[in-house]
file work_14.cif (mmCIF, C-alpha atoms)
data_coords
#
loop_
_atom_site.label_atom_id
_atom_site.label_comp_id
_atom_site.auth_asym_id
_atom_site.auth_seq_id
_atom_site.Cartn_x
_atom_site.Cartn_y
_atom_site.Cartn_z
CA MET A 1 23.68 8.68 -8.90
CA LYS A 2 23.19 6.30 -11.84
CA GLN A 3 19.97 5.15 -10.21
CA ILE A 4 18.70 8.70 -9.78
CA GLU A 5 19.38 9.59 -13.43
CA LEU A 6 17.67 6.42 -14.54
CA GLN A 7 14.61 7.20 -12.44
CA GLN A 8 14.48 10.67 -13.99
CA ASP A 9 14.57 9.08 -17.46
CA ILE A 10 11.68 6.76 -16.60
CA LEU A 11 9.63 9.57 -15.05
CA GLY A 12 10.49 11.94 -17.91
CA HIS A 13 9.31 9.40 -20.51
CA ASN A 14 6.15 8.79 -18.49
CA ASN A 15 5.45 12.52 -18.22
CA SER A 16 5.73 13.13 -21.95
CA ILE A 17 3.10 10.47 -22.74
CA GLY A 18 1.07 11.82 -19.81
CA TYR A 19 1.00 15.22 -21.51
CA GLU A 20 -0.13 13.59 -24.79
CA ASN A 21 -3.05 12.00 -22.90
CA SER A 22 -3.75 15.30 -21.22
CA ALA A 23 -3.95 17.09 -24.59
CA ILE A 24 -6.57 14.58 -25.79
CA PHE A 25 -8.63 15.05 -22.63
CA ALA A 26 -8.41 18.85 -22.99
CA ARG A 27 -9.58 18.73 -26.63
CA LYS A 28 -12.50 16.47 -25.74
CA GLY A 29 -13.38 18.35 -22.52
CA ILE A 30 -13.13 15.22 -20.37
CA PHE A 31 -12.42 15.66 -16.67
CA VAL A 32 -9.99 12.91 -15.62
CA LEU A 33 -9.54 11.80 -12.03
CA ASN A 34 -6.67 9.56 -10.84
CA LEU A 35 -7.97 7.76 -7.73
CA MET A 36 -5.32 6.37 -5.39
CA SER A 37 -5.08 4.73 -1.95
CA SER A 38 -3.69 1.80 0.01
CA PRO A 39 -5.25 -1.58 -0.78
CA GLY A 40 -8.71 -1.80 0.76
CA ALA A 41 -9.25 1.87 1.66
CA GLY A 42 -12.45 1.86 -0.39
CA LYS A 43 -11.57 3.09 -3.89
CA THR A 44 -13.95 0.74 -5.73
CA THR A 45 -16.83 1.31 -3.31
CA LEU A 46 -16.41 5.10 -3.55
CA LEU A 47 -16.41 4.68 -7.32
CA GLU A 48 -19.65 2.66 -7.22
CA ARG A 49 -21.37 5.37 -5.12
CA THR A 50 -19.99 8.13 -7.36
CA ILE A 51 -21.25 6.42 -10.52
CA ASP A 52 -24.71 5.90 -9.06
CA MET A 53 -24.91 9.60 -8.13
CA LEU A 54 -23.65 10.98 -11.46
CA LYS A 55 -24.47 8.53 -14.28
CA GLY A 56 -27.92 9.98 -15.08
CA LYS A 57 -26.44 13.41 -15.68
CA TYR A 58 -22.99 12.75 -17.15
CA GLN A 59 -21.33 10.23 -19.43
CA LEU A 60 -18.80 8.32 -17.32
CA GLY A 61 -15.93 5.98 -18.11
CA VAL A 62 -13.70 3.99 -15.77
CA ILE A 63 -10.24 2.44 -16.10
CA GLU A 64 -9.52 -0.18 -13.43
CA GLY A 65 -5.88 -0.80 -12.57
CA ASP A 66 -4.94 -3.98 -10.73
CA ILE A 67 -1.91 -6.23 -10.57
CA ALA A 68 -4.14 -9.26 -11.15
CA THR A 69 -7.86 -10.21 -11.43
CA SER A 70 -10.77 -8.33 -13.01
CA TYR A 71 -12.95 -8.25 -9.89
CA ASP A 72 -13.11 -4.46 -9.81
CA ALA A 73 -14.06 -4.08 -13.47
CA GLU A 74 -16.86 -6.60 -12.96
CA ARG A 75 -18.15 -4.64 -9.94
CA ILE A 76 -18.02 -1.34 -11.86
CA GLY A 77 -19.48 -2.81 -15.07
CA ALA A 78 -22.57 -3.85 -13.10
CA HIS A 79 -23.31 -0.12 -12.58
CA GLY A 80 -23.82 0.43 -16.31
CA VAL A 81 -20.78 2.48 -17.33
CA GLU A 82 -17.97 1.85 -19.82
CA VAL A 83 -15.08 0.15 -18.00
CA THR A 84 -11.70 -1.25 -19.04
CA GLN A 85 -9.49 -3.39 -16.82
CA ILE A 86 -5.70 -3.02 -16.97
CA ASN A 87 -3.71 -5.80 -15.32
CA THR A 88 -0.19 -4.61 -14.62
CA GLY A 89 1.04 -8.18 -14.10
CA GLY A 90 3.16 -7.23 -11.11
CA ALA A 91 3.85 -3.52 -11.56
CA CYS A 92 2.94 -1.43 -8.53
CA HIS A 93 1.34 1.50 -10.39
CA LEU A 94 -0.29 2.50 -13.67
CA ASP A 95 1.77 4.52 -16.13
CA SER A 96 0.75 6.90 -18.89
CA SER A 97 1.42 4.49 -21.77
CA MET A 98 -0.95 1.90 -20.24
CA ILE A 99 -3.66 4.60 -20.21
CA LYS A 100 -2.87 5.74 -23.76
CA LYS A 101 -3.28 2.17 -25.06
CA VAL A 102 -6.78 1.67 -23.66
CA LEU A 103 -8.26 5.04 -24.69
CA VAL A 104 -9.49 3.40 -27.93
CA ASN A 105 -11.95 1.43 -25.78
CA PHE A 106 -13.89 4.63 -24.95
CA ASP A 107 -16.12 6.91 -27.01
CA LEU A 108 -14.13 10.02 -26.11
CA ASP A 109 -16.46 12.36 -27.99
CA ARG A 110 -19.27 11.53 -25.56
CA LEU A 111 -17.37 11.18 -22.29
CA ASP A 112 -17.65 13.84 -19.54
CA MET A 113 -15.54 12.18 -16.87
CA LEU A 114 -12.98 9.39 -16.87
CA ILE A 115 -12.03 7.94 -13.51
CA ILE A 116 -8.81 5.93 -13.29
CA GLU A 117 -8.65 3.62 -10.28
CA ASN A 118 -4.96 3.06 -9.68
CA VAL A 119 -3.27 -0.01 -8.13
CA GLY A 120 -3.70 -0.07 -4.34
CA ASN A 121 -0.50 1.55 -3.12
CA LEU A 122 0.03 4.76 -1.14
CA VAL A 123 3.53 5.30 -2.52
CA CYS A 124 4.41 4.61 -6.16
CA PRO A 125 1.29 5.65 -8.12
CA ALA A 126 1.73 9.28 -6.98
CA GLU A 127 4.97 9.56 -8.97
CA PHE A 128 3.40 8.68 -12.33
CA PHE A 129 1.41 11.40 -14.13
CA LEU A 130 -1.22 9.74 -16.33
CA GLY A 131 -2.61 12.89 -17.95
CA GLU A 132 -5.23 13.49 -15.25
CA ASP A 133 -6.72 16.82 -14.14
CA ALA A 134 -6.70 15.81 -10.50
CA LYS A 135 -5.36 13.13 -8.21
CA ALA A 136 -7.62 12.10 -5.31
CA VAL A 137 -6.38 10.05 -2.38
CA ILE A 138 -8.59 7.97 -0.12
CA LEU A 139 -7.46 7.26 3.43
CA SER A 140 -9.47 4.87 5.56
CA VAL A 141 -9.67 5.81 9.25
CA THR A 142 -8.66 2.22 10.06
CA GLU A 143 -5.21 2.98 8.60
CA GLY A 144 -4.47 5.42 11.43
CA GLU A 145 -3.94 9.15 11.79
CA ASP A 146 -0.16 9.12 11.22
CA LYS A 147 -0.36 8.29 7.50
CA PRO A 148 -0.19 11.79 5.87
CA LEU A 149 3.19 12.55 7.47
CA LYS A 150 4.50 9.02 6.85
CA TYR A 151 3.49 8.98 3.15
CA PRO A 152 3.66 12.70 2.34
CA LEU A 153 4.04 12.77 -1.47
CA ILE A 154 0.57 11.54 -2.35
CA PHE A 155 -1.03 14.03 0.07
CA ARG A 156 1.06 16.88 -1.37
CA LEU A 157 0.07 16.13 -4.97
CA ALA A 158 -3.64 15.34 -4.49
CA LYS A 159 -6.40 17.88 -5.05
CA ALA A 160 -8.84 15.91 -2.91
CA LEU A 161 -8.59 13.72 0.19
CA VAL A 162 -11.49 11.41 1.02
CA ILE A 163 -11.31 10.21 4.63
CA ASN A 164 -13.37 7.03 4.41
CA LYS A 165 -14.96 4.41 6.71
CA ILE A 166 -15.92 7.04 9.31
CA ASP A 167 -18.72 4.65 10.43
CA LEU A 168 -15.92 2.62 12.11
CA LEU A 169 -14.69 5.55 14.26
CA PRO A 170 -16.58 4.38 17.40
CA TYR A 171 -14.68 1.06 17.34
CA ILE A 172 -11.12 2.21 16.69
CA ASP A 173 -8.53 4.64 18.00
CA CYS A 174 -8.12 7.26 15.26
CA ASN A 175 -7.78 11.02 15.65
CA ILE A 176 -9.43 12.37 12.51
CA SER A 177 -8.57 16.01 13.40
CA ARG A 178 -4.90 15.09 13.18
CA ILE A 179 -5.38 13.62 9.69
CA ILE A 180 -7.00 16.88 8.57
CA LYS A 181 -4.38 19.06 10.29
CA ASP A 182 -1.38 17.13 8.93
CA ALA A 183 -2.77 16.73 5.39
CA SER A 184 -3.64 20.45 5.27
CA SER A 185 -0.18 21.39 6.49
CA LEU A 186 1.34 19.36 3.62
CA ASN A 187 -1.14 20.79 1.12
CA PRO A 188 -3.17 23.86 2.19
CA ALA A 189 -5.33 23.78 -0.98
CA LEU A 190 -6.46 20.15 -0.43
CA ALA A 191 -10.26 19.62 -0.53
CA ILE A 192 -11.13 17.20 2.29
CA PHE A 193 -14.23 14.99 2.51
CA GLU A 194 -15.32 12.68 5.34
CA THR A 195 -17.32 9.72 4.10
CA SER A 196 -18.70 6.29 4.80
CA CYS A 197 -19.25 4.62 1.46
CA THR A 198 -21.00 1.62 3.00
CA GLY A 199 -23.10 3.94 5.20
CA HIS A 200 -23.78 6.36 2.28
CA THR A 201 -22.77 9.39 4.38
CA GLY A 202 -20.79 12.49 3.43
CA LEU A 203 -20.98 11.76 -0.29
CA ASN A 204 -22.95 14.82 -1.38
CA THR A 205 -20.12 17.35 -0.99
CA TRP A 206 -17.83 14.94 -2.87
CA LYS A 207 -20.36 14.75 -5.70
CA GLU A 208 -20.65 18.57 -5.81
CA TRP A 209 -16.86 18.93 -5.97
CA LEU A 210 -16.71 16.51 -8.91
CA GLU A 211 -19.59 18.24 -10.71
CA GLY A 212 -17.76 21.57 -10.40
CA LYS A 213 -14.69 20.02 -12.02
CA ILE A 214 -16.69 18.28 -14.79
CA ASN A 215 -18.57 21.46 -15.67
CA GLU A 216 -15.43 23.55 -15.72
CA LYS A 217 -13.78 21.12 -18.17
CA ARG A 218 -16.92 20.91 -20.36
CA LYS A 219 -17.17 24.68 -20.53
CA ASN A 220 -13.63 24.84 -21.86
CA ARG A 221 -14.52 22.28 -24.55
CA LEU A 222 -17.60 24.28 -25.57
CA ASN A 223 -15.48 27.43 -25.77
CA ALA A 224 -12.77 25.79 -27.83
CA MET B 225 12.71 -5.54 -22.92
CA LYS B 226 15.27 -2.96 -21.83
CA GLN B 227 13.13 -2.27 -18.78
CA ILE B 228 12.93 -5.97 -17.88
CA GLU B 229 16.71 -6.44 -18.12
CA LEU B 230 17.24 -3.36 -16.03
CA GLN B 231 14.87 -4.61 -13.35
CA GLN B 232 16.73 -7.92 -13.30
CA ASP B 233 20.00 -6.01 -12.79
CA ILE B 234 18.56 -4.07 -9.86
CA LEU B 235 17.05 -7.19 -8.27
CA GLY B 236 20.23 -9.20 -8.94
CA HIS B 237 22.39 -6.57 -7.22
CA ASN B 238 19.93 -6.45 -4.31
CA ASN B 239 19.95 -10.23 -3.99
CA SER B 240 23.73 -10.47 -3.82
CA ILE B 241 23.90 -8.03 -0.88
CA GLY B 242 20.88 -9.83 0.61
CA TYR B 243 22.90 -13.06 0.61
CA GLU B 244 25.83 -11.27 2.30
CA ASN B 245 23.44 -10.16 5.06
CA SER B 246 22.02 -13.65 5.25
CA ALA B 247 25.52 -15.13 5.73
CA ILE B 248 26.11 -12.81 8.70
CA PHE B 249 22.77 -13.77 10.26
CA ALA B 250 23.54 -17.49 9.76
CA ARG B 251 26.97 -17.16 11.41
CA LYS B 252 25.50 -15.30 14.38
CA GLY B 253 22.39 -17.53 14.63
CA ILE B 254 19.98 -14.60 14.38
CA PHE B 255 16.46 -15.29 13.14
CA VAL B 256 15.46 -12.41 10.83
CA LEU B 257 11.85 -11.57 10.01
CA ASN B 258 10.81 -9.18 7.21
CA LEU B 259 7.39 -7.80 8.22
CA MET B 260 5.29 -6.37 5.42
CA SER B 261 1.75 -5.04 4.85
CA SER B 262 -0.30 -2.16 3.47
CA PRO B 263 -0.06 1.09 5.42
CA GLY B 264 -2.04 0.83 8.64
CA ALA B 265 -2.63 -2.94 8.73
CA GLY B 266 -1.01 -3.08 12.17
CA LYS B 267 2.69 -3.88 11.68
CA THR B 268 3.94 -1.63 14.48
CA THR B 269 1.25 -2.70 16.94
CA LEU B 270 1.93 -6.40 16.22
CA LEU B 271 5.60 -5.65 16.77
CA GLU B 272 4.89 -3.98 20.13
CA ARG B 273 2.87 -7.01 21.29
CA THR B 274 5.54 -9.42 19.99
CA ILE B 275 8.34 -7.57 21.82
CA ASP B 276 6.39 -7.53 25.09
CA MET B 277 5.83 -11.31 24.83
CA LEU B 278 9.42 -12.24 23.92
CA LYS B 279 11.84 -9.66 25.33
CA GLY B 280 12.35 -11.35 28.71
CA LYS B 281 13.47 -14.56 27.04
CA TYR B 282 15.30 -13.43 23.88
CA GLN B 283 17.51 -10.56 22.78
CA LEU B 284 15.56 -8.60 20.17
CA GLY B 285 16.46 -5.92 17.65
CA VAL B 286 14.22 -3.93 15.32
CA ILE B 287 14.83 -2.02 12.08
CA GLU B 288 12.03 0.41 11.24
CA GLY B 289 11.58 1.32 7.58
CA ASP B 290 9.56 4.40 6.69
CA ILE B 291 9.56 6.92 3.88
CA ALA B 292 9.54 9.74 6.42
CA THR B 293 9.24 10.35 10.22
CA SER B 294 10.63 8.33 13.13
CA TYR B 295 7.28 7.75 14.86
CA ASP B 296 7.55 3.96 14.67
CA ALA B 297 11.10 3.81 16.06
CA GLU B 298 9.97 5.99 18.98
CA ARG B 299 7.02 3.64 19.66
CA ILE B 300 9.28 0.56 19.52
CA GLY B 301 12.12 2.15 21.53
CA ALA B 302 9.67 2.69 24.40
CA HIS B 303 9.46 -1.12 24.72
CA GLY B 304 13.12 -1.39 25.69
CA VAL B 305 14.72 -3.01 22.64
CA GLU B 306 17.46 -1.89 20.27
CA VAL B 307 15.86 -0.06 17.33
CA THR B 308 17.18 1.75 14.26
CA GLN B 309 15.05 3.89 11.96
CA ILE B 310 15.72 3.92 8.22
CA ASN B 311 14.04 6.73 6.27
CA THR B 312 13.95 5.84 2.58
CA GLY B 313 13.24 9.47 1.61
CA GLY B 314 10.64 8.48 -0.97
CA ALA B 315 11.54 4.90 -1.91
CA CYS B 316 8.64 2.47 -1.62
CA HIS B 317 10.58 -0.42 -0.05
CA LEU B 318 13.70 -1.29 1.92
CA ASP B 319 16.61 -2.87 0.06
CA SER B 320 19.44 -5.08 1.23
CA SER B 321 22.11 -2.37 1.16
CA MET B 322 20.06 -0.18 3.52
CA ILE B 323 19.96 -3.13 5.94
CA LYS B 324 23.69 -3.85 5.56
CA LYS B 325 24.54 -0.23 6.45
CA VAL B 326 22.66 -0.23 9.77
CA LEU B 327 23.84 -3.63 11.06
CA VAL B 328 26.72 -1.84 12.86
CA ASN B 329 24.08 -0.34 15.18
CA PHE B 330 23.35 -3.77 16.69
CA ASP B 331 25.32 -6.08 18.96
CA LEU B 332 24.99 -9.04 16.60
CA ASP B 333 26.78 -11.43 18.95
CA ARG B 334 23.96 -11.11 21.48
CA LEU B 335 20.91 -10.85 19.18
CA ASP B 336 18.45 -13.76 18.85
CA MET B 337 15.91 -12.15 16.55
CA LEU B 338 15.95 -9.11 14.27
CA ILE B 339 12.61 -7.87 13.00
CA ILE B 340 12.60 -5.57 9.98
CA GLU B 341 9.41 -3.54 9.62
CA ASN B 342 9.22 -2.67 5.94
CA VAL B 343 7.61 0.40 4.33
CA GLY B 344 3.81 0.08 4.24
CA ASN B 345 3.17 -1.31 0.77
CA LEU B 346 1.60 -4.61 -0.30
CA VAL B 347 3.47 -4.68 -3.62
CA CYS B 348 7.10 -3.57 -3.93
CA PRO B 349 8.75 -4.75 -0.67
CA ALA B 350 8.04 -8.39 -1.59
CA GLU B 351 10.46 -8.17 -4.53
CA PHE B 352 13.47 -7.16 -2.44
CA PHE B 353 15.27 -9.89 -0.46
CA LEU B 354 16.95 -8.32 2.57
CA GLY B 355 18.69 -11.45 3.87
CA GLU B 356 15.74 -12.53 6.04
CA ASP B 357 14.81 -16.08 7.06
CA ALA B 358 11.11 -15.41 6.64
CA LYS B 359 8.74 -12.82 5.25
CA ALA B 360 5.50 -12.28 7.17
CA VAL B 361 2.55 -10.39 5.72
CA ILE B 362 -0.18 -8.74 7.79
CA LEU B 363 -3.60 -8.25 6.25
CA SER B 364 -6.21 -6.28 8.15
CA VAL B 365 -9.78 -7.57 7.77
CA THR B 366 -10.82 -3.97 6.97
CA GLU B 367 -8.86 -4.25 3.70
CA GLY B 368 -11.31 -6.84 2.35
CA GLU B 369 -11.21 -10.51 1.46
CA ASP B 370 -10.17 -10.04 -2.19
CA LYS B 371 -6.61 -8.92 -1.41
CA PRO B 372 -4.64 -12.22 -1.66
CA LEU B 373 -5.70 -12.77 -5.28
CA LYS B 374 -5.29 -9.08 -6.18
CA TYR B 375 -1.76 -8.81 -4.68
CA PRO B 376 -0.55 -12.42 -5.06
CA LEU B 377 3.27 -12.13 -4.92
CA ILE B 378 3.56 -11.17 -1.27
CA PHE B 379 1.23 -14.01 -0.24
CA ARG B 380 3.21 -16.49 -2.37
CA LEU B 381 6.56 -15.53 -0.82
CA ALA B 382 5.52 -15.17 2.83
CA LYS B 383 5.99 -17.92 5.40
CA ALA B 384 3.36 -16.40 7.71
CA LEU B 385 0.11 -14.48 7.22
CA VAL B 386 -1.32 -12.56 10.18
CA ILE B 387 -4.98 -11.67 9.62
CA ASN B 388 -5.34 -8.71 11.97
CA LYS B 389 -8.09 -6.48 13.45
CA ILE B 390 -10.50 -9.41 13.81
CA ASP B 391 -12.20 -7.44 16.62
CA LEU B 392 -13.73 -5.29 13.83
CA LEU B 393 -15.39 -8.26 12.06
CA PRO B 394 -18.84 -7.58 13.59
CA TYR B 395 -18.89 -4.08 12.03
CA ILE B 396 -17.68 -4.81 8.50
CA ASP B 397 -18.39 -7.08 5.55
CA CYS B 398 -15.37 -9.39 5.29
CA ASN B 399 -15.32 -13.11 4.56
CA ILE B 400 -12.28 -14.33 6.51
CA SER B 401 -12.69 -17.92 5.20
CA ARG B 402 -12.11 -16.62 1.69
CA ILE B 403 -8.87 -14.90 2.77
CA ILE B 404 -7.64 -18.20 4.22
CA LYS B 405 -8.78 -20.23 1.21
CA ASP B 406 -7.25 -17.90 -1.39
CA ALA B 407 -3.98 -17.33 0.50
CA SER B 408 -3.60 -21.10 1.04
CA SER B 409 -4.25 -21.79 -2.62
CA LEU B 410 -1.44 -19.37 -3.55
CA ASN B 411 0.85 -20.81 -0.89
CA PRO B 412 -0.13 -24.16 0.69
CA ALA B 413 2.72 -23.99 3.28
CA LEU B 414 1.65 -20.59 4.63
CA ALA B 415 1.21 -20.43 8.44
CA ILE B 416 -1.94 -18.38 9.14
CA PHE B 417 -2.77 -16.52 12.37
CA GLU B 418 -5.93 -14.60 13.26
CA THR B 419 -5.25 -11.75 15.66
CA SER B 420 -6.49 -8.57 17.23
CA CYS B 421 -3.43 -6.66 18.38
CA THR B 422 -5.48 -3.99 20.16
CA GLY B 423 -7.67 -6.70 21.73
CA HIS B 424 -4.64 -8.91 22.58
CA THR B 425 -6.26 -12.00 21.03
CA GLY B 426 -4.76 -14.79 18.93
CA LEU B 427 -1.20 -13.75 19.70
CA ASN B 428 -0.06 -16.87 21.51
CA THR B 429 0.18 -19.13 18.45
CA TRP B 430 2.07 -16.35 16.64
CA LYS B 431 4.53 -16.16 19.56
CA GLU B 432 4.99 -19.95 19.52
CA TRP B 433 5.66 -19.93 15.77
CA LEU B 434 8.35 -17.26 16.23
CA GLU B 435 9.92 -19.11 19.16
CA GLY B 436 10.19 -22.25 17.03
CA LYS B 437 12.03 -20.25 14.36
CA ILE B 438 14.32 -18.48 16.86
CA ASN B 439 15.29 -21.74 18.56
CA GLU B 440 15.95 -23.50 15.28
CA LYS B 441 18.32 -20.71 14.20
CA ARG B 442 20.06 -20.61 17.62
CA LYS B 443 20.58 -24.36 17.56
CA ASN B 444 22.36 -24.05 14.22
CA ARG B 445 24.63 -21.36 15.67
CA LEU B 446 25.45 -23.56 18.66
CA ASN B 447 26.25 -26.45 16.33
CA ALA B 448 28.45 -24.35 14.07
#
call {"tool": "encode", "arguments": {"input": "work_14.cif", "output": "structure tokens"}}
result
Amino acid sequence: MKQIELQQDILGHNNSIGYENSAIFARKGIFVLNLMSSPGAGKTTLLERTIDMLKGKYQLGVIEGDIATSYDAERIGAHGVEVTQINTGGACHLDSSMIKKVLVNFDLDRLDMLIIENVGNLVCPAEFFLGEDAKAVILSVTEGEDKPLKYPLIFRLAKALVINKIDLLPYIDCNISRIIKDASSLNPALAIFETSCTGHTGLNTWKEWLEGKINEKRKNRLNA
Amino acid sequence: MKQIELQQDILGHNNSIGYENSAIFARKGIFVLNLMSSPGAGKTTLLERTIDMLKGKYQLGVIEGDIATSYDAERIGAHGVEVTQINTGGACHLDSSMIKKVLVNFDLDRLDMLIIENVGNLVCPAEFFLGEDAKAVILSVTEGEDKPLKYPLIFRLAKALVINKIDLLPYIDCNISRIIKDASSLNPALAIFETSCTGHTGLNTWKEWLEGKINEKRKNRLNA
């Protein structure tokens, strides 16, 4: 019981800073995406493809969350967008105060979209609201079709599910229809995309979904 | 600072029950393995292969840790060993008190090895000592070669690393030598195995490593 109350305190404190971040993003009209998955499902590669598709048209920023190393920030920086690396130094997720601290690194008046790549973990990051407009979860087909029901929270809270590495389907035993069925049963409003980021397939509908969200947020800024 | 002290309290409490479990396992001569990985790296399939190789010779028990569902316990139960499912109901790792509670489900006087399959998560489970003799981490080659340096703790604490799904190497971009080099630099004593659990390759050296550990623990029981 003590542990439960404590967890509520931690999450409550995180939420209140999350809402402060969210108010800044609303004022500036920045669409913010919190990108989550297991380690190695393809978050950084999806991000590279997404940047290449959108950077001519929109001003993009990226926050890279990792326990250690700055490999991902270096990969993203090579694509010509503003990027900041957060090293959690052991913590299994980003929290809203880490995000708040690094916002000074971005020119928020110019930004259209900020993508936050969370620490690779299908469990903990889902519990921490960072101020984002949408959570997206990536599931690689190599992880197996049973994952939505085994790790339900992240699939319940996400607005988008990217089923990635579909180029590997001929070589593995994975029932993609079951992923779609189970994820949709947990979250009927979930937008689902099937992609191969290395094969550059299925990315156009993902791009269109993001553009819809960016434009919606920009319109609200213009109206404000 | 308050958060750090708190975490030390939680880990300290977990450790003390972990040592109680460990004392039971020492008295009974049971070798206990804590099996950890990202979701979908192949823990349950490795466990199925391991059981099939060892069950004629040793008495085996399995504890399955999952946030939700009992799929894994059903898969393992079909292989004819004692199995208990723990559902953490949201928690991202098993802790030592969860293990203590389910030990009554096993005939500890007869058991030679107890394998604990942790929740799929490359971060948090490593911090929680359950009373095991050894932690083993599975890394699937589909997760990418940068994972040891990005998630260092689990590779530092493990006694064995199983690099799995090597049958997929022809179809992906993964430098397995870098995994071995980086993991060994974090942990020079790490025993490393390269396996394909679906292709039944590389499993013999893994089996021999486990048998060495089981026999060592049994010998100590006989001498006690």
call {"tool": "resolve_selection", "arguments": {"input": "work_14.cif", "expression": "the PyMOL selection byres ((chain B and resi 276) around 12)", "output": "VMD selection string"}}
result
chain B and resid 269 to 275 277 to 284 300 to 305 421 424 427 to 428 431
call {"tool": "interface_residues", "arguments": {"input": "work_14.cif", "of": "chain B", "to": "chain A", "cutoff": "10 Å", "atoms": "only C-alpha atoms", "output": "number ranges by chain"}}
result
B: 227, 230, 234, 261-266, 290-296, 311, 313-317, 343-348, 351, 363-377, 389, 391-392, 395-397, 422
call {"tool": "residues_around", "arguments": {"input": "work_14.cif", "residues": "Ala415 (chain B)", "least_positions_apart": "4", "cutoff": "10 Å", "atoms": "all atoms listed in the file", "output": "VMD selection string"}}
result
chain B and resid 360 382 to 386 407 to 408 411 430 433
call {"tool": "write_last_selection", "arguments": {"input": "work_14.cif", "atoms": "C-alpha atoms", "output": "PDB file, in the coordinates of the input"}}
result
ATOM      1  CA  ALA B 360       5.500 -12.280   7.170  1.00  0.00           C
ATOM      2  CA  ALA B 382       5.520 -15.170   2.830  1.00  0.00           C
ATOM      3  CA  LYS B 383       5.990 -17.920   5.400  1.00  0.00           C
ATOM      4  CA  ALA B 384       3.360 -16.400   7.710  1.00  0.00           C
ATOM      5  CA  LEU B 385       0.110 -14.480   7.220  1.00  0.00           C
ATOM      6  CA  VAL B 386      -1.320 -12.560  10.180  1.00  0.00           C
ATOM      7  CA  ALA B 407      -3.980 -17.330   0.500  1.00  0.00           C
ATOM      8  CA  SER B 408      -3.600 -21.100   1.040  1.00  0.00           C
ATOM      9  CA  ASN B 411       0.850 -20.810  -0.890  1.00  0.00           C
ATOM     10  CA  TRP B 430       2.070 -16.350  16.640  1.00  0.00           C
ATOM     11  CA  TRP B 433       5.660 -19.930  15.770  1.00  0.00           C
TER      12      TRP B 433
END
call {"tool": "resolve_selection", "arguments": {"input": "work_14.cif", "expression": "the PyMOL selection byres ((chain A and resi 128-130) around 6)", "output": "list in words"}}
result
Asn15, Gly18, Asp95, Ser96, Pro125, Ala126, Glu127, Gly131 and Glu132 of chain A
call {"tool": "closest_residue", "arguments": {"input": "work_14.cif", "among": "B:Leu338, B:Ile438, B:Val361, B:Ile390", "to": "Leu414 (chain B)", "atoms": "all atoms listed in the file"}}
result
B:Val361
call {"tool": "atom_distance", "arguments": {"input": "work_14.cif", "atom1": "CA of Asn164 (chain A)", "atom2": "CA of Gly29 (chain A)"}}
result
29.2 Å
call {"tool": "atom_distance", "arguments": {"input": "work_14.cif", "atom1": "CA of Thr205 (chain A)", "atom2": "CA of Asp112 (chain A)"}}
result
19.0 Å
call {"tool": "decode", "arguments": {"input": "work_14.cif", "residues": "region 75-82 of chain A", "atoms": "N, CA, C and O atoms", "output": "PDB file, in the first residue's frame"}}
result
ATOM      1  N   ARG A  75      23.428   9.631 -35.219  1.00  0.00           N
ATOM      2  CA  ARG A  75      22.732   9.156 -36.432  1.00  0.00           C
ATOM      3  C   ARG A  75      21.706  10.188 -36.899  1.00  0.00           C
ATOM      4  O   ARG A  75      21.610  10.479 -38.087  1.00  0.00           O
ATOM      5  N   ILE A  76      20.931  10.726 -35.948  1.00  0.00           N
ATOM      6  CA  ILE A  76      19.866  11.670 -36.294  1.00  0.00           C
ATOM      7  C   ILE A  76      20.456  13.012 -36.744  1.00  0.00           C
ATOM      8  O   ILE A  76      19.994  13.609 -37.717  1.00  0.00           O
ATOM      9  N   GLY A  77      21.511  13.463 -36.057  1.00  0.00           N
ATOM     10  CA  GLY A  77      22.147  14.734 -36.402  1.00  0.00           C
ATOM     11  C   GLY A  77      22.636  14.750 -37.851  1.00  0.00           C
ATOM     12  O   GLY A  77      22.592  15.783 -38.536  1.00  0.00           O
ATOM     13  N   ALA A  78      23.059  13.583 -38.346  1.00  0.00           N
ATOM     14  CA  ALA A  78      23.542  13.478 -39.720  1.00  0.00           C
ATOM     15  C   ALA A  78      22.437  13.770 -40.742  1.00  0.00           C
ATOM     16  O   ALA A  78      22.721  13.998 -41.922  1.00  0.00           O
ATOM     17  N   HIS A  79      21.173  13.767 -40.303  1.00  0.00           N
ATOM     18  CA  HIS A  79      20.057  14.042 -41.222  1.00  0.00           C
ATOM     19  C   HIS A  79      19.665  15.525 -41.225  1.00  0.00           C
ATOM     20  O   HIS A  79      18.638  15.892 -41.797  1.00  0.00           O
ATOM     21  N   GLY A  80      20.459  16.351 -40.534  1.00  0.00           N
ATOM     22  CA  GLY A  80      20.267  17.796 -40.638  1.00  0.00           C
ATOM     23  C   GLY A  80      19.102  18.372 -39.862  1.00  0.00           C
ATOM     24  O   GLY A  80      18.467  19.319 -40.311  1.00  0.00           O
ATOM     25  N   VAL A  81      18.788  17.785 -38.697  1.00  0.00           N
ATOM     26  CA  VAL A  81      17.761  18.394 -37.841  1.00  0.00           C
ATOM     27  C   VAL A  81      18.357  18.675 -36.454  1.00  0.00           C
ATOM     28  O   VAL A  81      19.384  18.107 -36.094  1.00  0.00           O
ATOM     29  N   GLU A  82      17.696  19.539 -35.709  1.00  0.00           N
ATOM     30  CA  GLU A  82      18.119  19.832 -34.338  1.00  0.00           C
ATOM     31  C   GLU A  82      17.895  18.591 -33.472  1.00  0.00           C
ATOM     32  O   GLU A  82      16.797  18.033 -33.471  1.00  0.00           O
TER      33      GLU A  82
END
